[in-house]
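Raw contents of input16.csv, CSV, C-alpha atoms:
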```csv
chain,number,residue,atom,x,y,z
A,1,MET,CA,12.6,7.0,9.6
A,2,THR,CA,10.8,4.4,7.6
A,3,GLU,CA,12.5,3.0,4.6
A,4,GLU,CA,10.7,3.5,1.4
A,5,ILE,CA,10.9,2.2,-2.2
A,6,PHE,CA,10.4,4.9,-4.8
A,7,VAL,CA,8.7,3.6,-7.9
A,8,GLU,CA,9.2,5.7,-11.0
A,9,VAL,CA,7.3,4.8,-14.1
A,10,LYS,CA,6.4,7.0,-17.1
A,11,ASN,CA,7.4,10.2,-15.2
A,12,LYS,CA,5.2,9.3,-12.2
A,13,LYS,CA,6.6,8.7,-8.7
A,14,TYR,CA,5.0,6.5,-6.1
A,15,ILE,CA,6.1,5.7,-2.5
A,16,VAL,CA,5.9,2.1,-1.2
A,17,ARG,CA,6.8,1.8,2.5
A,18,LYS,CA,9.0,-1.2,3.5
A,19,ASP,CA,7.3,-1.7,6.8
A,20,LEU,CA,3.9,-2.5,5.3
A,21,ARG,CA,2.1,-5.2,3.4
A,22,TYR,CA,-0.1,-4.6,0.4
A,23,THR,CA,-3.1,-5.9,-1.7
A,24,LYS,CA,-3.6,-6.1,-5.4
A,25,THR,CA,-6.4,-3.6,-4.9
A,26,ASP,CA,-4.0,-0.9,-3.5
A,27,GLU,CA,-4.6,-1.1,0.2
A,28,TRP,CA,-1.8,-1.2,2.8
A,29,ALA,CA,-1.7,-3.1,6.0
A,30,ARG,CA,0.3,-2.8,9.2
A,31,LEU,CA,0.3,-5.3,12.0
A,32,GLU,CA,0.0,-3.5,15.4
A,33,ASP,CA,-0.4,-5.5,18.6
A,34,GLY,CA,-2.2,-8.4,16.9
A,35,LYS,CA,-4.5,-6.0,15.0
A,36,VAL,CA,-4.2,-4.8,11.4
A,37,ARG,CA,-4.4,-1.1,10.5
A,38,GLU,CA,-5.4,-0.4,6.9
A,39,GLY,CA,-5.4,2.5,4.5
A,40,ILE,CA,-4.9,3.2,0.8
A,41,THR,CA,-1.6,3.4,-0.9
A,42,ASP,CA,0.2,6.4,-2.4
A,43,TYR,CA,-0.5,4.9,-5.8
A,44,ALA,CA,-4.2,4.7,-5.1
A,45,GLN,CA,-4.5,8.3,-3.7
A,46,LYS,CA,-2.6,9.6,-6.8
A,47,GLU,CA,-4.9,7.8,-9.1
A,48,LEU,CA,-8.0,9.1,-7.4
A,49,ARG,CA,-6.6,12.6,-7.1
A,50,ASP,CA,-8.5,14.9,-4.8
A,51,ILE,CA,-10.5,12.8,-2.3
A,52,VAL,CA,-13.5,14.7,-1.1
A,53,GLY,CA,-15.5,12.1,0.9
A,54,VAL,CA,-15.2,8.7,2.6
A,55,GLU,CA,-17.8,6.2,3.7
A,56,LEU,CA,-16.6,4.3,6.8
A,57,PRO,CA,-17.8,0.9,8.0
A,58,GLU,CA,-19.3,0.6,11.5
A,59,VAL,CA,-17.2,-0.6,14.4
A,60,GLY,CA,-18.1,-4.2,15.2
A,61,THR,CA,-18.8,-5.1,11.5
A,62,ILE,CA,-17.5,-8.6,10.7
A,63,VAL,CA,-15.7,-8.6,7.3
A,64,LYS,CA,-14.1,-11.1,5.0
A,65,LYS,CA,-10.7,-10.5,3.3
A,66,GLY,CA,-11.5,-8.9,-0.1
A,67,ASP,CA,-15.0,-7.6,0.9
A,68,SER,CA,-15.8,-4.0,0.0
A,69,ILE,CA,-16.0,-2.2,3.3
A,70,GLY,CA,-16.4,1.4,2.2
A,71,VAL,CA,-16.3,4.0,-0.6
A,72,LEU,CA,-13.9,6.8,-1.4
A,73,GLU,CA,-15.2,9.8,-3.3
A,74,SER,CA,-12.9,12.0,-5.3
A,75,VAL,CA,-13.4,14.7,-7.9
A,76,LYS,CA,-12.5,12.1,-10.5
A,77,ALA,CA,-14.4,9.0,-9.4
A,78,THR,CA,-15.7,6.9,-6.6
A,79,ALA,CA,-13.9,3.7,-5.6
A,80,ASP,CA,-14.5,0.9,-3.1
A,81,TYR,CA,-11.8,-0.1,-0.7
A,82,TYR,CA,-11.5,-3.7,0.6
A,83,ALA,CA,-10.8,-5.5,3.8
A,84,VAL,CA,-7.1,-6.6,3.8
A,85,VAL,CA,-7.9,-9.5,6.3
A,86,SER,CA,-11.0,-11.2,7.7
A,87,GLY,CA,-12.1,-10.3,11.1
A,88,LYS,CA,-14.0,-7.6,13.1
A,89,ILE,CA,-13.6,-3.8,12.6
A,90,VAL,CA,-12.5,-2.4,15.9
A,91,GLU,CA,-11.7,1.1,15.0
A,92,VAL,CA,-12.4,3.6,12.2
A,93,ASN,CA,-10.7,6.9,11.5
A,94,GLU,CA,-13.6,9.3,12.0
A,95,THR,CA,-11.3,12.3,11.3
A,96,LEU,CA,-11.6,11.4,7.6
A,97,LEU,CA,-15.3,12.3,7.7
A,98,GLU,CA,-14.2,16.0,8.3
A,99,GLN,CA,-10.8,15.8,6.6
A,100,PRO,CA,-10.9,13.3,3.7
A,101,GLU,CA,-7.9,15.2,2.2
A,102,LEU,CA,-5.7,13.3,4.8
A,103,LEU,CA,-6.0,10.3,2.4
A,104,ASN,CA,-4.1,12.4,-0.2
A,105,GLU,CA,-1.8,14.3,2.1
A,106,ASP,CA,-0.7,11.5,4.4
A,107,PRO,CA,-2.0,8.1,3.2
A,108,TYR,CA,0.4,6.0,5.3
A,109,ARG,CA,0.0,7.7,8.6
A,110,GLU,CA,-2.9,10.2,9.4
A,111,GLY,CA,-4.9,8.9,6.5
A,112,TRP,CA,-5.4,5.3,7.8
A,113,ILE,CA,-9.0,4.1,7.4
A,114,VAL,CA,-9.8,1.1,9.7
A,115,VAL,CA,-8.3,-1.3,12.2
A,116,ILE,CA,-9.4,-4.9,12.0
A,117,GLU,CA,-9.0,-7.6,14.6
A,118,PRO,CA,-8.1,-10.5,12.4
A,119,SER,CA,-9.9,-13.9,12.7
A,120,ASP,CA,-7.0,-15.6,10.8
A,121,PRO,CA,-3.6,-14.1,11.5
A,122,LYS,CA,-2.1,-16.1,8.6
A,123,GLU,CA,-4.0,-13.9,6.1
A,124,PHE,CA,-1.7,-11.0,6.9
A,125,GLU,CA,1.4,-13.0,5.9
A,126,GLU,CA,-0.3,-13.8,2.5
A,127,LEU,CA,-0.4,-10.1,1.6
A,128,LEU,CA,2.0,-8.7,-1.0
A,129,THR,CA,5.5,-7.7,0.2
A,130,PRO,CA,6.7,-4.1,-0.6
A,131,GLU,CA,8.8,-5.4,-3.4
A,132,GLN,CA,5.9,-7.4,-4.9
A,133,TYR,CA,3.7,-4.4,-4.7
A,134,ALA,CA,6.3,-2.1,-6.3
A,135,GLU,CA,6.4,-4.5,-9.2
A,136,LEU,CA,2.6,-4.5,-9.4
A,137,ILE,CA,2.5,-0.7,-9.7
A,138,LYS,CA,5.0,-0.8,-12.5
A,139,GLU,CA,2.9,-3.3,-14.4
A,140,LYS,CA,-0.3,-1.3,-13.8
A,141,VAL,CA,1.2,2.0,-15.0
A,142,GLU,CA,2.9,0.4,-18.0
A,143,LYS,CA,-0.4,-1.2,-19.0
A,144,GLY,CA,-2.3,2.0,-18.4
A,145,GLU,CA,-4.5,0.3,-15.7
A,146,HIS,CA,-6.0,2.3,-12.9
```
Can you present the structure in this file as structure tokens?
Amino acid sequence: MTEEIFVEVKNKKYIVRKDLRYTKTDEWARLEDGKVREGITDYAQKELRDIVGVELPEVGTIVKKGDSIGVLESVKATADYYAVVSGKIVEVNETLLEQPELLNEDPYREGWIVVIEPSDPKEFEELLTPEQYAELIKEKVEKGEH
């Protein structure tokens, strides 16, 4: 079982998994055999609410860390999601095209979005730790940022 940090702020609860790294724009990243699997965080999916659509990048696309690589559509808003590292997209979760609700139901497992083959492995180490991300969520909620 994966260890989790439960962040509770203003009567809201968010899960931050301890085996992942995070971005300030609410993506998670997991290193797997030299590649980086990416998705959106529990905080992000709760802010978006019911996700009804997703635009996926094409496999083979070269991306830079921080680039917008796709769009999530919810009943509330649309939101870009961003590359967690620079490199080449080697896999996309096409299941999300038919079942975008997986982003809400299981953001850290079945709701992954892309896998990137990093061009600079050091970028992964520069991502936020779970503890840093938990603090960031608290700050965002307390300031009313979304």
(message) Give me the residues near Glu38 in chain A as a PyMOL selection string, where near means some atom within 8 Å (using all atoms listed in the file) and where sequence neighbours in that chain fewer than 6 positions away do not count.
(response) chain A and resi 27-30+84+112-116
With C-alpha atoms retained, export the selected residues as a PDB file, in the coordinates of the input.
```pdb
ATOM      1  CA  GLU A  27      -4.600  -1.100   0.200  1.00  0.00           C
ATOM      2  CA  TRP A  28      -1.800  -1.200   2.800  1.00  0.00           C
ATOM      3  CA  ALA A  29      -1.700  -3.100   6.000  1.00  0.00           C
ATOM      4  CA  ARG A  30       0.300  -2.800   9.200  1.00  0.00           C
ATOM      5  CA  VAL A  84      -7.100  -6.600   3.800  1.00  0.00           C
ATOM      6  CA  TRP A 112      -5.400   5.300   7.800  1.00  0.00           C
ATOM      7  CA  ILE A 113      -9.000   4.100   7.400  1.00  0.00           C
ATOM      8  CA  VAL A 114      -9.800   1.100   9.700  1.00  0.00           C
ATOM      9  CA  VAL A 115      -8.300  -1.300  12.200  1.00  0.00           C
ATOM     10  CA  ILE A 116      -9.400  -4.900  12.000  1.00  0.00           C
TER      11      ILE A 116
END
```
At a cut-off of 8 Å around the point (6.1, 5.7, -4.0) (file coordinates), what residues fall inside when counting only C-alpha atoms? I'd like the answer as a short mmCIF file (atom, residue, chain, number, x, y, z; two decimals) with C-alpha atoms, keeping the file's coordinate frame.
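File produced: result-v6.cif:
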```
data_model
loop_
_atom_site.label_atom_id
_atom_site.label_comp_id
_atom_site.auth_asym_id
_atom_site.auth_seq_id
_atom_site.Cartn_x
_atom_site.Cartn_y
_atom_site.Cartn_z
CA GLU A 4 10.70 3.50 1.40
CA ILE A 5 10.90 2.20 -2.20
CA PHE A 6 10.40 4.90 -4.80
CA VAL A 7 8.70 3.60 -7.90
CA GLU A 8 9.20 5.70 -11.00
CA LYS A 13 6.60 8.70 -8.70
CA TYR A 14 5.00 6.50 -6.10
CA ILE A 15 6.10 5.70 -2.50
CA VAL A 16 5.90 2.10 -1.20
CA ARG A 17 6.80 1.80 2.50
CA ASP A 42 0.20 6.40 -2.40
CA TYR A 43 -0.50 4.90 -5.80
#
```
(message) Taking 4 positions as the minimum chain separation for residues in the same chain, which residues sit within 10 Å of Pro100 in chain A when counting only C-alpha atoms? Answer as a list in words.
(response)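 The filter keeps Asp50, Ile51, Val52, Gly53, Val54, Glu55, Leu72, Glu73, Ser74, Glu94, Thr95, Leu96, Asn104, Glu105 and Gly111 of chain A.
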(request) In Å, rounded to a single decimal, give me how far CA of Pro130 in chain A is from CA of Arg109 in chain A. (result)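 Separation of CA of Arg109 in chain A and CA of Pro130 in chain A: 16.4 Å.
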(message) For a test of reading the model, state the distance in Å between CA of Asp80 in chain A and CA of Ser68 in chain A, rounded to one decimal.
(response) 5.9 Å
(message) So, with all atoms listed in the file as the atoms that count, which of A:Ala44, A:Ile137, A:Val85, A:Ile69 lies closest to Leu103 in chain A?
(response)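 Between A:Ala44, A:Ile137, A:Val85, A:Ile69, the residue approaching Leu103 in chain A most closely is A:Ala44.
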